[in-house]
Structures are given as structure tokens and as C-alpha cells.
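*Asks:* The structure under discussion is supplied below as C-alpha cells; questions concerning it will follow.
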Amino acid sequence: MSIRHRRFPRARFHLAAAVTLATGGLALAVWPASAQAGQAGLAASPAAGQALRWSGPVFAEKPPFSESPEIGAVSCVTATRCVAVDGTGSVLVSSRPTGGFAAWHIVRNALPDGFTIAAALSCVRGAPIFCATSNGTDIATSKNPGGGARAWKLARVKALALTCQSATFCLGGGIGALRYSVNPAGGAAGWHIVHVDAGQRISGASCPTKAFCAVVDQGGDVLTSADPTGGASAWSVANIGAGQLISSISCPTVAFCVAVTAGGEVLYSTNPAGGAGAWNTTVLPDSASLSRIDCVTTSFCAGVGGSTNLAYTTDPTGGSAAWHPIRLAGSRLTVALSCPVTGLCVATDAGGDIISSANPSGGPGSWQVAQVDGESQISSVACPSLRLCLAAYGRSVMVSTRPAVPASWKTTVLRASTIPDIANLRCPLPGFCVADGTGGIAYSTRPTGGASAWHGVTLDKGVQFEALACPDAGFCVAADSHHRIYYSLNPAGGARAWHWFSFDVSEDILSIDCPGTSLCVAIDTNNNLLTANHPERGRSSWHLSRIPRASFTALACASTSLCIAPSFSDVYYSTSPSLGARSWHLAHSPVSVLSLACTGKSFCVGGGFGQIYTSAKPTSSADSWVAAKAGFAHIQAIACQGTALCVAGNLIGELFIGTRP
């Protein structure tokens with residue numbers, strides 16, 4: 001199993017000593033395009049010393065996700081062209097934005113390194129489309145927003161609010177200054193600063209034409225200009241919010257603007273450049289407040305955020321009664337909104353959701369909430385044959401009968417009553433799999449059969465199971481955080497077929513590997529070794545011993561005559577693991593792995609901090625571990641079938657596959 005990790009947007013790192021993963025089970029898979037051609041090639045078993053060829057990352061998960069970043073900004077240029085950005089640097093694109101998860105394509109880590117938490121996004125129609133996004137210190141631009149990292153260009157331009165009227169005119173605002181460009185894709189040199197509104201933080205901007213822009217700040221001011229590129233003297237300032245924070249403004253025409261305040265007020269004007277006296281105030285009903293506003297026309301506006309999910313009106317000047325707040329079940333704090341036409345509004349929230357409506361003025365029933373963005377730690381993978389691999393995340397199981405083909409992986413979300421969360425997955429046979437997790441185990445004699453083919457067994461309700469081994473379909477052993485070891489000679493026989501005893505009561509068992517029914521080896525949170533000869537006999541067969549100064553990070557037993565247990569920058573091994581700690585030896589090898597799979601004495605694969613290693617001599621004190629030349633993020637899980645196929649999964653839900661060249 002793998003220890004759960006805390007994650008941070010664009011800076012995820014390992015906090016606890018990670019654990020284990022043995023031959024039969026942990027990890028996930030991804031696949032190179034070249035791997036689609038040669039499933040027959042996977043069946044070959046070339047010399048174990050040959051290096052594996054690893055694919056790049058493929059994200060194949062789907063909701064429900066355990067981690068969902070905020071989708072901080074969205075911009076739709078038409079009803080069939082929407083772009084959004086999230087807090088991890090990913091870009092989401094859709095030609096059918098109301099279509100839910102399947103209709104959105106997520107390009108992971110698309111924005112340049114270091115670009116996090118977008119404050120604004122503005123896209124304009126054209127051939128090609130043009131998008132610009134800002135995060136306060138940088139602006140990134142692209143003419144192909146779904147094209148990955150190479151399609152985005154970064155410029156060091158300080159701007160919070162940002163709006164683009166066309167691909168040749170964008171306006172942004174920072175603190176006490178505006179920035180504009182007539183060549184926004186031309187880098188930092190193409191942006192010009194206008195010092196105006198000293199000391200105030202610009203919070204919103206709208207330019208219905210190149211000849212008119214309106215900007216609001218957090219001090220209650222509106223700044224307007226009929227010549228936005230004309231310098232400071234071309235801008236006039238009026239305080240319209242009585243010192244309140246004005247968070248957003250939208251101007252569908254030069255003669256009509258609507259702004260919203262953090263205090264729940266709507267400010268509107270049919271002469272936005274006419275000074276403070278030209279603006280009117282409406283208080284939203286039901287104590288609602290908004291943080292973003294978008295007006296498609298002078299007769300339709302919608303807003304999001306603040307103390308409500310959504311609010312809309314078909315009469316922006318009609319007073320409080322003309323506004324209709326909506327609170328939607330299943331949505332989190334809404335943070336962004338785009339309404340390109342009267343027949344579409346798309347909003348985003350802090351939980352990876354897209355909130356959309358093809359009839360925005362149709363009331364709560366016309367809006368839908370769909371989780372489209374997120375990720376889950378790959379907890380385990382099992383490949384019982386070259387033609388079948390399964391992977392687990394959350395309570396979902398992904399299955400493929402052609403693991404090297406990305407489109408072949410299908411996800412089944414298990415019922416929460418079956419198992420609420422999967423920690424480890426073991427498949428000793430293609431027709432038999434067992435998973436453990438919260439409260440007990442789940443098993444299937446038809447693992448490709450969907451959710452109904454999996455059956456749950458409650459063993460220790462509410463308690464997290466942390467280790468699992470199933471050397472064959474007639475024996476499994478598991479351990480939970482109540483310091484209990486469970487074992488069964490009939491794992492599919494229900495709760496009565498499982499027996500337990502308390503052992504190692506001061507520590508948690510982190511990993512168990514049983515290379516056969518006559519031997520099990522485990523490691524715990526205090527770096528102890530636990531050994532059981534004939535583990536089906538219960539507590540009397542288990543013994544605890546310790547290797548001084550060891551700090552185990554993983555465990556794998558290729559056979560009853562070889563177990564490997566990496567420590568930080570060291571590798572321990574035993575050719576007689578049934579004898580306990582006294583049979584273990586230290587092989588000095590400068591490799592640090594968090595997960596490990598060994599299918600023989602001359603083939604081990606380990607996953608580490610952003611790397612995958614292979615060794616043909618894992619018991620050698622020489623530097624026998626060879627690193628793959630590819631980018632991997634915190635490999636949590638490794639499983640191999642012979643020496644021809646290995647699959648791996650990482651902390652952020654990405655899958656990899658290794659095959660022979």
C-alpha cells in the first residue's frame with residue numbers, strides 16, 4: 001500500500017515516509033503512443049537487464065476526485081468555445097460546456113512553470129482564438145489554449161484584473177497602475193504602464209470597444225477612458241461605491257455598465273463616464289452579494305460568488321426585485337463566470353466544478369453542477385496478466401485488458417457501501433481481486449464486470465486498512481490501524497471467513513508481502529521487520545525483529561528466497577527472509593525509492609521522488625539502479641508482470657507504463 005500524502009497546488013511533495021508495493025499490486029498505468037502497436041510484444045521476456053521504455057504521463061481518472069482545485073477563471077468566446085484555468089496550472093477547454101465531465105478536456109500543467117492561481121482570464125474570438133490570463137505577477141498568452149505548455153507564452157507583467165477586447169488590445173490593472181498592450185502576445189516589452197489611481201488595487205476591468213474602457217478598484221472608484229492608450233490624463237476617476245470594495249464590472253456597450261460590491265450592492269449606469277452622479281445603486285435581495293458580474297446585453301446580467309452561488313436579472317436597472325439569487329446544491333464557493341450569449345452561462349467554483357446553464361434565466365432547475373477537474377492519489381495497481389491491469393484511486397477501480405492503450409482504461413466507481421476508499425489492490429488471478437481500505441475489504445471474481453461485480457466485507461468498521469497481500473486466491477492477509485492482522489483461507493467467504501489477532505500493538509503495519517502461502521514479511525511504522533512462517537496459523541506464527549538504523553520506505557519479495565526493503569539511500573535484502581532480521585544484509589546503493597516491485601533476483605523497479613529506477617542487481621552494493629530519463633512526479637505505486645510490462649502511478653493521479661524497446 002502507499003501512505004497517503006498531503007498535496008499542494010503545483011508544489012506537491014512527500015511528507016511521510018512512503019511505503020511499499022509488491023509484485024502483485026500497486027500502481028497505475030500510462031502508455032506511449034508507440035505502445036498501442038504491439039500488444040504481442042508485451043508477451044516477450046527479453047533479458048531482465050534491458051531498460052524499460054517509459055511513457056509520458058496520461059491522466060485517465062474521472063470523478064469523484066479526492067482533490068479538486070479551484071477553477072479560478074473562465075472565458076467563453078462563443079457558446080461552443082470555452083476556456084478555464086485552475087489553481088494547479090491546468091487549462092480546461094470545451095466545445096460543449098454544458099456537457100459535464102466528458103465534455104471538458106483538461107490539459108495538465110499547461111501554463112508555464114511558476115504560474116499559479118489565475119486571477120483573471122480573457123479570451124476573444126478569432127482564427128485562431130486568443131487568450132490571456134494573469135496571476136498578479138505574470139501574464140500568459142496563447143493562440144491555442146488547449147495546446148499544452150508550449151502553446152503559452154509568459155511575460156513578467158504585474159496585473160490582477162485583465163480584459164482583452166481583441167487579440168490586439170488588452171488592459172490589465174495592478175496596484176495604483178493600469179497596464180495595456182496593443183500586442184499582448186509580444187512579451188513584457190509590449191505592455192505599457194499608466195500610473196493612475198494611486199495606492200488602490202484594481203479589481204475589475206471591461207472594454208466593450210478599443211475606444212472605451214471602465215475599471216473599478218477596491219476603494220469604490222470607477223475609472224473610465226475614451227482613449228485607454230492615451231496615458232494617465234486620458235482617465236477620469238469617480239467614487240461610486242462610497243468607499244466599498246468594488247469587485248467586478250461588466251460593460252456590454254459603451255453606454256451601459258454594471259458593477260458589484262462586496263457589500264451586496266449593484267451599481268449601474270447608462271452614462272458610465274458621467275461621474276459619480278451618473279451611477280445608481282441597487283441592493284441585492286436576501287442578503288446576497290456577488291464577486292463577479294457578466295452582462296451579455298443591457299437586458300441580461302448574471303453574477304457569482306460572495307454569499308450566494310449565482311444571481312441573474314433580465315432587467316439590470318429594475319431594482320432589487322429584478323434580481324434572483326440562486327443557491328445550488330453540490331456547488332462550492334463560485335469564483336468565476338462567463339456568459340458569451342444570452343443562451344449560455346458558465347461558472348466555476350472552488351471545488352473543481354463547472355456550473356452551467358443553457359437557459360440562465362430559467363431558475364435553479366435550469367442550472368447544473370458537474371465536477372470536471374480534480375485528481376486522486378493512485379493508491380494501488382495490480383496486473384495479474386499481460387492482458388489485464390486494474391488500478392485504484394478513491395473508491396474507483398480502473399480496468400484495462402489492453403493496458404498500453406490509453407482509451408482502453410474504463411473506470412468503475414464502487415458503491416460507498418462496498419468500500420468507501422481503496423488503499424491496496426491485489427489480484428492473484430485474472431478472475432479474482434481483493435481490495436482493502438476503510439472498514440474492511442472488497443472482492444470480485446469478475447473484476448471487469450463493473451460495480452455490481454464487487455462485494456464488500458466489513459471487518460473493522462470505520463478503521464483504515466493499510467496493508468494487504470494475497471499470494472493466491474485461497475489466502476489473504478491484511479492489517480489495519482487498530483494493530484490487527486486479518487487473515488483468511490477463503491477471502492470471498494464473507495466476514496466469518498476472516499480471522500484476526502492483535503500484534504505489534506504500538507505500531508502500524510505499513511506493508512505486507514507474501515511471496516507464497518508459507519511466508520509473509522511486513523514492515524511497520526517503527527521500521528521493524530515482521531515475519532510469519534505459515535501465516536495461516538495465526539498469531540503464533542508471527543515474529544518481530546529489528547535492523548538497527550534502518551528506515552524502510554518500501555518492501556517487495558520476489559520469492560521465498562529474496563526480499564528487498566529499500567531504506568533512504570540504502571537497500572536491505574535477504575535471501576532467507578523466513579529467518580527474520582538476522583538474515584538481512586545492507587547493500588550500499590544511493591537510490592531512494594518510495595515504491596518497489598521485484599519479479600526475480602535480477603529485476604526490480606522502484607519509484608521515487610520524481611523518478612523511476614530499474615536494477616538487474618538489486619542486492620549489489622554498487623550503483624546498480626538506473627534512472628529512467630523521463631519526468632515522473634512522486635511515484636507511489638509500481639507493479640510488474642515478468643520483465644516485459646510494468647505500470648506505475650503517482651501522487652497526482654498520473655499513470656505510466658514501461659515496456660521493452
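By convention in this document, the chains of the C-alpha cells carry letters A, B, ... by their order, each chain's residues are numbered from 1, and ligands are numbered from 1 in the order they are shown.
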Find the residues around segment 325-333 of chain A up to 6 Å (only C-alpha atoms counted), leave out those fewer than 3 positions away in its own chain, and share them as number ranges by chain.

*Replies:* A: 308-311, 349-351

*Asks:* Would you give me, as a count of residues only, the residues in segment 442-520 of chain A that DSSP reads as strand (DSSP E or B)?

*Replies:* 42

*Asks:* If you count only C-alpha atoms, which residues fall within 6 Å of segment 463-466 of chain A, apart from same-chain ones fewer than 3 positions away, as a ChimeraX atom specification?

*Replies:* /A:437-439,460,479-481,510

*Asks:* Write to file, as a short mmCIF file (atom, residue, chain, number, x, y, z; two decimals), in the first residue's frame, the residues of the selection just made, with all heavy atoms.

*Replies:*
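Printed below is result_23.cif as written:
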data_model
loop_
_atom_site.label_atom_id
_atom_site.label_comp_id
_atom_site.auth_asym_id
_atom_site.auth_seq_id
_atom_site.Cartn_x
_atom_site.Cartn_y
_atom_site.Cartn_z
N GLY A 437 -9.33 -1.20 2.41
CA GLY A 437 -9.46 0.25 2.55
C GLY A 437 -10.12 0.58 3.86
O GLY A 437 -9.85 -0.05 4.89
N THR A 438 -11.04 1.51 3.86
CA THR A 438 -11.72 1.91 5.08
C THR A 438 -12.74 0.86 5.49
O THR A 438 -13.66 0.56 4.73
CB THR A 438 -12.42 3.27 4.88
OG1 THR A 438 -11.46 4.24 4.45
CG2 THR A 438 -13.06 3.74 6.17
N GLY A 439 -12.55 0.29 6.65
CA GLY A 439 -13.54 -0.61 7.23
C GLY A 439 -13.41 -2.07 6.88
O GLY A 439 -14.04 -2.90 7.53
N ASP A 460 -13.63 -4.18 10.25
CA ASP A 460 -13.36 -3.29 11.39
C ASP A 460 -13.92 -1.93 11.01
O ASP A 460 -13.22 -1.09 10.44
CB ASP A 460 -11.85 -3.22 11.66
CG ASP A 460 -11.54 -2.75 13.08
OD1 ASP A 460 -12.49 -2.39 13.79
OD2 ASP A 460 -10.36 -2.76 13.45
N ALA A 479 -3.78 -5.82 7.28
CA ALA A 479 -3.53 -5.18 8.57
C ALA A 479 -4.20 -3.83 8.60
O ALA A 479 -4.26 -3.13 7.58
CB ALA A 479 -2.03 -5.03 8.82
N ASP A 480 -4.73 -3.45 9.78
CA ASP A 480 -5.39 -2.15 9.89
C ASP A 480 -4.73 -1.29 10.97
O ASP A 480 -3.79 -1.73 11.66
CB ASP A 480 -6.89 -2.31 10.12
CG ASP A 480 -7.26 -2.82 11.52
OD1 ASP A 480 -6.38 -2.89 12.40
OD2 ASP A 480 -8.43 -3.16 11.73
N SER A 481 -5.22 -0.08 11.11
CA SER A 481 -4.61 0.87 12.04
C SER A 481 -5.02 0.62 13.49
O SER A 481 -4.63 1.38 14.38
CB SER A 481 -4.96 2.31 11.64
OG SER A 481 -6.37 2.50 11.61
N LEU A 510 2.75 -1.12 7.77
CA LEU A 510 2.65 -0.31 6.57
C LEU A 510 2.57 -1.12 5.29
O LEU A 510 1.97 -0.70 4.31
CB LEU A 510 3.84 0.65 6.48
CG LEU A 510 3.98 1.66 7.61
CD1 LEU A 510 5.21 2.52 7.39
CD2 LEU A 510 2.75 2.53 7.70
#

*Asks:* Could you list, as a tab-separated table (two decimals) with C-alpha atoms, in the first residue's frame, every residue within 9 Å of Thr298 of chain A, counting only C-alpha atoms and ignoring same-chain residues fewer than 2 positions away?

*Replies:*
chain	number	residue	atom	x	y	z
A	251	CYS	CA	-19.97	46.85	-19.84
A	252	PRO	CA	-21.87	45.26	-22.74
A	253	THR	CA	-21.83	48.64	-24.51
A	256	PHE	CA	-24.11	50.76	-20.10
A	257	CYS	CA	-22.06	49.29	-17.25
A	295	CYS	CA	-23.67	41.29	-18.73
A	296	VAL	CA	-24.30	39.84	-22.16
A	300	PHE	CA	-29.34	40.34	-19.12
A	301	CYS	CA	-26.70	40.10	-16.40
A	314	THR	CA	-33.36	40.31	-17.16
A	315	ASP	CA	-33.73	43.93	-16.09
A	316	PRO	CA	-30.44	45.23	-14.62
A	317	THR	CA	-31.95	48.65	-13.90

*Asks:* Would you pick out the contacts of Trp542 of chain A at 8 Å or less, using only C-alpha atoms, so that residues sharing its chain but fewer than 4 positions from it are not included, and give the list as a PyMOL selection string?

*Replies:* chain A and resi 530-533+535+538

*Asks:* Produce a file of the selected residues containing all heavy atoms, as a compact mmCIF listing (two decimals), in the first residue's frame.

*Replies:*
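Output saved as again_20.txt:
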# COMPACT_ATOMS: atom_id res chain seq x y z
N LEU A 530 8.52 -7.79 10.38
CA LEU A 530 7.61 -8.79 10.90
C LEU A 530 7.65 -9.97 9.93
O LEU A 530 7.51 -9.79 8.72
CB LEU A 530 6.19 -8.25 10.99
CG LEU A 530 5.93 -7.14 12.03
CD1 LEU A 530 6.35 -5.80 11.48
CD2 LEU A 530 4.46 -7.09 12.40
N THR A 531 7.84 -11.15 10.46
CA THR A 531 7.98 -12.34 9.63
C THR A 531 7.03 -13.42 10.14
O THR A 531 6.90 -13.63 11.35
CB THR A 531 9.42 -12.88 9.69
OG1 THR A 531 10.33 -11.84 9.36
CG2 THR A 531 9.59 -14.02 8.70
N ALA A 532 6.35 -14.07 9.21
CA ALA A 532 5.44 -15.16 9.57
C ALA A 532 5.70 -16.35 8.67
O ALA A 532 5.57 -16.26 7.45
CB ALA A 532 3.99 -14.73 9.44
N ASN A 533 6.12 -17.46 9.26
CA ASN A 533 6.20 -18.73 8.55
C ASN A 533 4.88 -19.46 8.78
O ASN A 533 4.46 -19.63 9.92
CB ASN A 533 7.39 -19.54 9.05
CG ASN A 533 8.70 -18.82 8.81
OD1 ASN A 533 8.96 -18.36 7.70
ND2 ASN A 533 9.52 -18.69 9.85
N PRO A 535 1.68 -18.28 7.83
CA PRO A 535 0.85 -17.23 8.44
C PRO A 535 -0.60 -17.65 8.65
O PRO A 535 -1.31 -17.01 9.43
CB PRO A 535 0.95 -16.09 7.42
CG PRO A 535 1.37 -16.74 6.14
CD PRO A 535 2.24 -17.88 6.53
N GLY A 538 -2.06 -18.16 12.32
CA GLY A 538 -2.45 -17.10 13.23
C GLY A 538 -1.29 -16.46 13.96
O GLY A 538 -0.13 -16.52 13.53

*Asks:* Of the candidates A:Gly176, A:Gly516, A:Gly607, A:Pro97, which one gets nearest to Ile355 of chain A if we count only C-alpha atoms?

*Replies:*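 Between A:Gly176, A:Gly516, A:Gly607, A:Pro97, the residue approaching Ile355 of chain A most closely is A:Pro97.
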
*Asks:* So that I can check the surroundings of Cys604 of chain A, please list as a ChimeraX atom specification every protein, DNA and RNA residue that reaches within 8 Å of it, counting only C-alpha atoms and ignoring chain neighbours fewer than 2 positions away.

*Replies:* /A:596-602,606,614-616,618

*Asks:* Just write the chosen residues, N, CA and C atoms, as a compact mmCIF listing (two decimals), in the first residue's frame.

*Replies:*
# COMPACT_ATOMS: atom_id res chain seq x y z
N LEU A 596 8.17 -0.21 -4.81
CA LEU A 596 9.08 -1.20 -5.34
C LEU A 596 8.32 -2.43 -5.82
N ALA A 597 8.77 -2.99 -6.94
CA ALA A 597 8.28 -4.27 -7.45
C ALA A 597 9.48 -5.08 -7.91
N CYS A 598 9.55 -6.33 -7.50
CA CYS A 598 10.63 -7.24 -7.92
C CYS A 598 10.00 -8.54 -8.39
N THR A 599 10.31 -8.93 -9.60
CA THR A 599 9.76 -10.18 -10.14
C THR A 599 10.80 -11.28 -10.22
N GLY A 600 12.00 -11.02 -9.77
CA GLY A 600 13.07 -12.02 -9.78
C GLY A 600 14.32 -11.41 -9.20
N LYS A 601 15.35 -12.24 -9.01
CA LYS A 601 16.56 -11.75 -8.39
C LYS A 601 17.33 -10.78 -9.27
N SER A 602 16.97 -10.72 -10.56
CA SER A 602 17.67 -9.82 -11.47
C SER A 602 16.74 -8.79 -12.10
N GLY A 606 11.79 0.48 -9.07
CA GLY A 606 11.41 1.31 -7.94
C GLY A 606 11.00 2.70 -8.37
N THR A 614 15.44 1.18 -12.37
CA THR A 614 15.45 -0.25 -12.68
C THR A 614 16.79 -0.83 -12.27
N SER A 615 16.78 -2.06 -11.72
CA SER A 615 18.03 -2.70 -11.34
C SER A 615 18.01 -4.17 -11.75
N ALA A 616 19.11 -4.61 -12.35
CA ALA A 616 19.31 -6.02 -12.65
C ALA A 616 20.11 -6.71 -11.56
N PRO A 618 19.76 -5.93 -7.76
CA PRO A 618 19.27 -5.15 -6.61
C PRO A 618 20.00 -5.44 -5.31

*Asks:* For Arg179 of chain A, work out the shell of residues within 6 Å, counting only C-alpha atoms and skipping chain neighbours fewer than 5 positions away, then give it as a list in words.

*Replies:*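 Result of the neighbour search: Leu171, Gly172, Gly173, His192 and Ile193 of chain A.
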
*Asks:* Would you please work out which residue, of A:Trp500, A:Tyr312, A:Ala556, A:Val341, is nearest to Gly362 of chain A when using only C-alpha atoms?

*Replies:*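 Among the listed residues, the smallest separation from Gly362 of chain A belongs to A:Tyr312.
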
*Asks:* Would you please work out which residue, of A:Gly431, A:Gly219, A:Gly264, A:Gly136, is nearest to Ala242 of chain A when using only C-alpha atoms?

*Replies:*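 Smallest distance to Ala242 of chain A is found for A:Gly219.
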
*Asks:* If DSSP is run on the backbone, what residues of segment 234-464 of chain A are helix (DSSP H, G or I)? A reply as a ChimeraX atom specification would be ideal.

*Replies:* /A:234,276-278,285-287,320-322,364-366,406-408,451-453

*Asks:* For the selection you just gave me, I'd like the residues written to a file as a compact mmCIF listing (two decimals), in the first residue's frame, keeping all heavy atoms.

*Replies:*
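Listed below is the output, again35.txt:
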# COMPACT_ATOMS: atom_id res chain seq x y z
N ALA A 234 -5.82 60.65 -19.83
CA ALA A 234 -7.00 60.20 -20.57
C ALA A 234 -7.99 59.48 -19.68
O ALA A 234 -9.07 59.09 -20.15
CB ALA A 234 -6.58 59.29 -21.72
N ALA A 276 -19.78 60.39 -10.62
CA ALA A 276 -20.47 59.66 -9.57
C ALA A 276 -21.98 59.81 -9.66
O ALA A 276 -22.73 58.87 -9.37
CB ALA A 276 -19.98 60.12 -8.20
N GLY A 277 -22.45 60.99 -10.09
CA GLY A 277 -23.88 61.23 -10.16
C GLY A 277 -24.60 60.43 -11.22
O GLY A 277 -25.83 60.34 -11.21
N ALA A 278 -23.86 59.84 -12.14
CA ALA A 278 -24.47 59.07 -13.22
C ALA A 278 -24.68 57.61 -12.84
O ALA A 278 -25.18 56.83 -13.66
CB ALA A 278 -23.61 59.16 -14.48
N PRO A 285 -31.38 41.26 -3.16
CA PRO A 285 -32.30 40.69 -2.17
C PRO A 285 -31.67 39.54 -1.40
O PRO A 285 -30.64 38.98 -1.78
CB PRO A 285 -33.47 40.19 -3.04
CG PRO A 285 -32.85 39.89 -4.37
CD PRO A 285 -31.75 40.91 -4.54
N ASP A 286 -32.32 39.18 -0.32
CA ASP A 286 -31.94 38.02 0.50
C ASP A 286 -30.51 38.09 1.00
O ASP A 286 -29.83 37.05 1.15
CB ASP A 286 -32.14 36.72 -0.29
CG ASP A 286 -33.58 36.51 -0.72
OD1 ASP A 286 -34.47 37.01 -0.02
OD2 ASP A 286 -33.80 35.86 -1.75
N SER A 287 -30.01 39.30 1.25
CA SER A 287 -28.65 39.50 1.77
C SER A 287 -27.59 38.89 0.86
O SER A 287 -26.50 38.52 1.32
CB SER A 287 -28.52 38.92 3.19
OG SER A 287 -29.44 39.52 4.07
N SER A 320 -34.02 46.01 -6.80
CA SER A 320 -33.74 44.79 -6.06
C SER A 320 -34.61 43.62 -6.50
O SER A 320 -34.15 42.49 -6.64
CB SER A 320 -33.92 45.05 -4.56
OG SER A 320 -33.71 43.88 -3.82
N ALA A 321 -35.87 43.87 -6.74
CA ALA A 321 -36.81 42.80 -7.07
C ALA A 321 -36.50 42.16 -8.42
O ALA A 321 -36.99 41.05 -8.70
CB ALA A 321 -38.24 43.34 -7.07
N ALA A 322 -35.73 42.81 -9.25
CA ALA A 322 -35.42 42.28 -10.57
C ALA A 322 -34.29 41.25 -10.53
O ALA A 322 -34.02 40.59 -11.54
CB ALA A 322 -35.07 43.41 -11.53
N PRO A 364 -33.47 27.96 -10.74
CA PRO A 364 -32.50 26.97 -10.25
C PRO A 364 -32.48 25.67 -11.04
O PRO A 364 -31.44 25.06 -11.23
CB PRO A 364 -32.95 26.73 -8.80
CG PRO A 364 -33.69 27.97 -8.42
CD PRO A 364 -34.37 28.44 -9.68
N GLY A 365 -33.62 25.22 -11.52
CA GLY A 365 -33.69 23.95 -12.23
C GLY A 365 -33.00 23.95 -13.57
O GLY A 365 -32.77 22.88 -14.16
N SER A 366 -32.65 25.12 -14.08
CA SER A 366 -32.01 25.19 -15.39
C SER A 366 -30.48 25.17 -15.29
O SER A 366 -29.80 25.21 -16.31
CB SER A 366 -32.46 26.46 -16.13
OG SER A 366 -31.96 27.62 -15.48
N PRO A 406 -4.29 3.95 -23.99
CA PRO A 406 -4.96 4.86 -23.05
C PRO A 406 -6.48 4.77 -23.08
O PRO A 406 -7.12 4.75 -22.05
CB PRO A 406 -4.48 6.24 -23.52
CG PRO A 406 -3.19 5.99 -24.21
CD PRO A 406 -3.32 4.64 -24.84
N ALA A 407 -7.06 4.69 -24.28
CA ALA A 407 -8.51 4.70 -24.39
C ALA A 407 -9.15 3.43 -23.86
O ALA A 407 -10.38 3.36 -23.69
CB ALA A 407 -8.92 4.92 -25.85
N SER A 408 -8.34 2.40 -23.59
CA SER A 408 -8.91 1.13 -23.16
C SER A 408 -9.25 1.09 -21.67
O SER A 408 -9.95 0.20 -21.22
CB SER A 408 -7.94 -0.01 -23.48
OG SER A 408 -6.81 0.02 -22.61
N ALA A 451 -19.36 -2.21 -11.16
CA ALA A 451 -19.55 -2.05 -9.71
C ALA A 451 -20.31 -3.22 -9.10
O ALA A 451 -20.04 -3.63 -7.97
CB ALA A 451 -20.28 -0.74 -9.43
N SER A 452 -21.28 -3.78 -9.83
CA SER A 452 -22.08 -4.87 -9.27
C SER A 452 -21.28 -6.15 -9.06
O SER A 452 -21.72 -7.05 -8.35
CB SER A 452 -23.28 -5.15 -10.19
OG SER A 452 -22.85 -5.57 -11.47
N ALA A 453 -20.11 -6.24 -9.70
CA ALA A 453 -19.28 -7.44 -9.56
C ALA A 453 -18.39 -7.39 -8.33
O ALA A 453 -17.68 -8.36 -8.05
CB ALA A 453 -18.43 -7.63 -10.82

*Asks:* Rounded to one decimal in Å, what is the spacing between atom CA of Gly199 of chain A and atom CA of Ala120 of chain A?

*Replies:*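 Interatomic distance here is 20.6 Å.
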
*Asks:* Pick from A:His543, A:Lys153, A:His483, A:His534: nearest to Asp138 of chain A, with only C-alpha atoms counted?

*Replies:*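 Nearest candidate to Asp138 of chain A out of A:His543, A:Lys153, A:His483, A:His534: A:Lys153.
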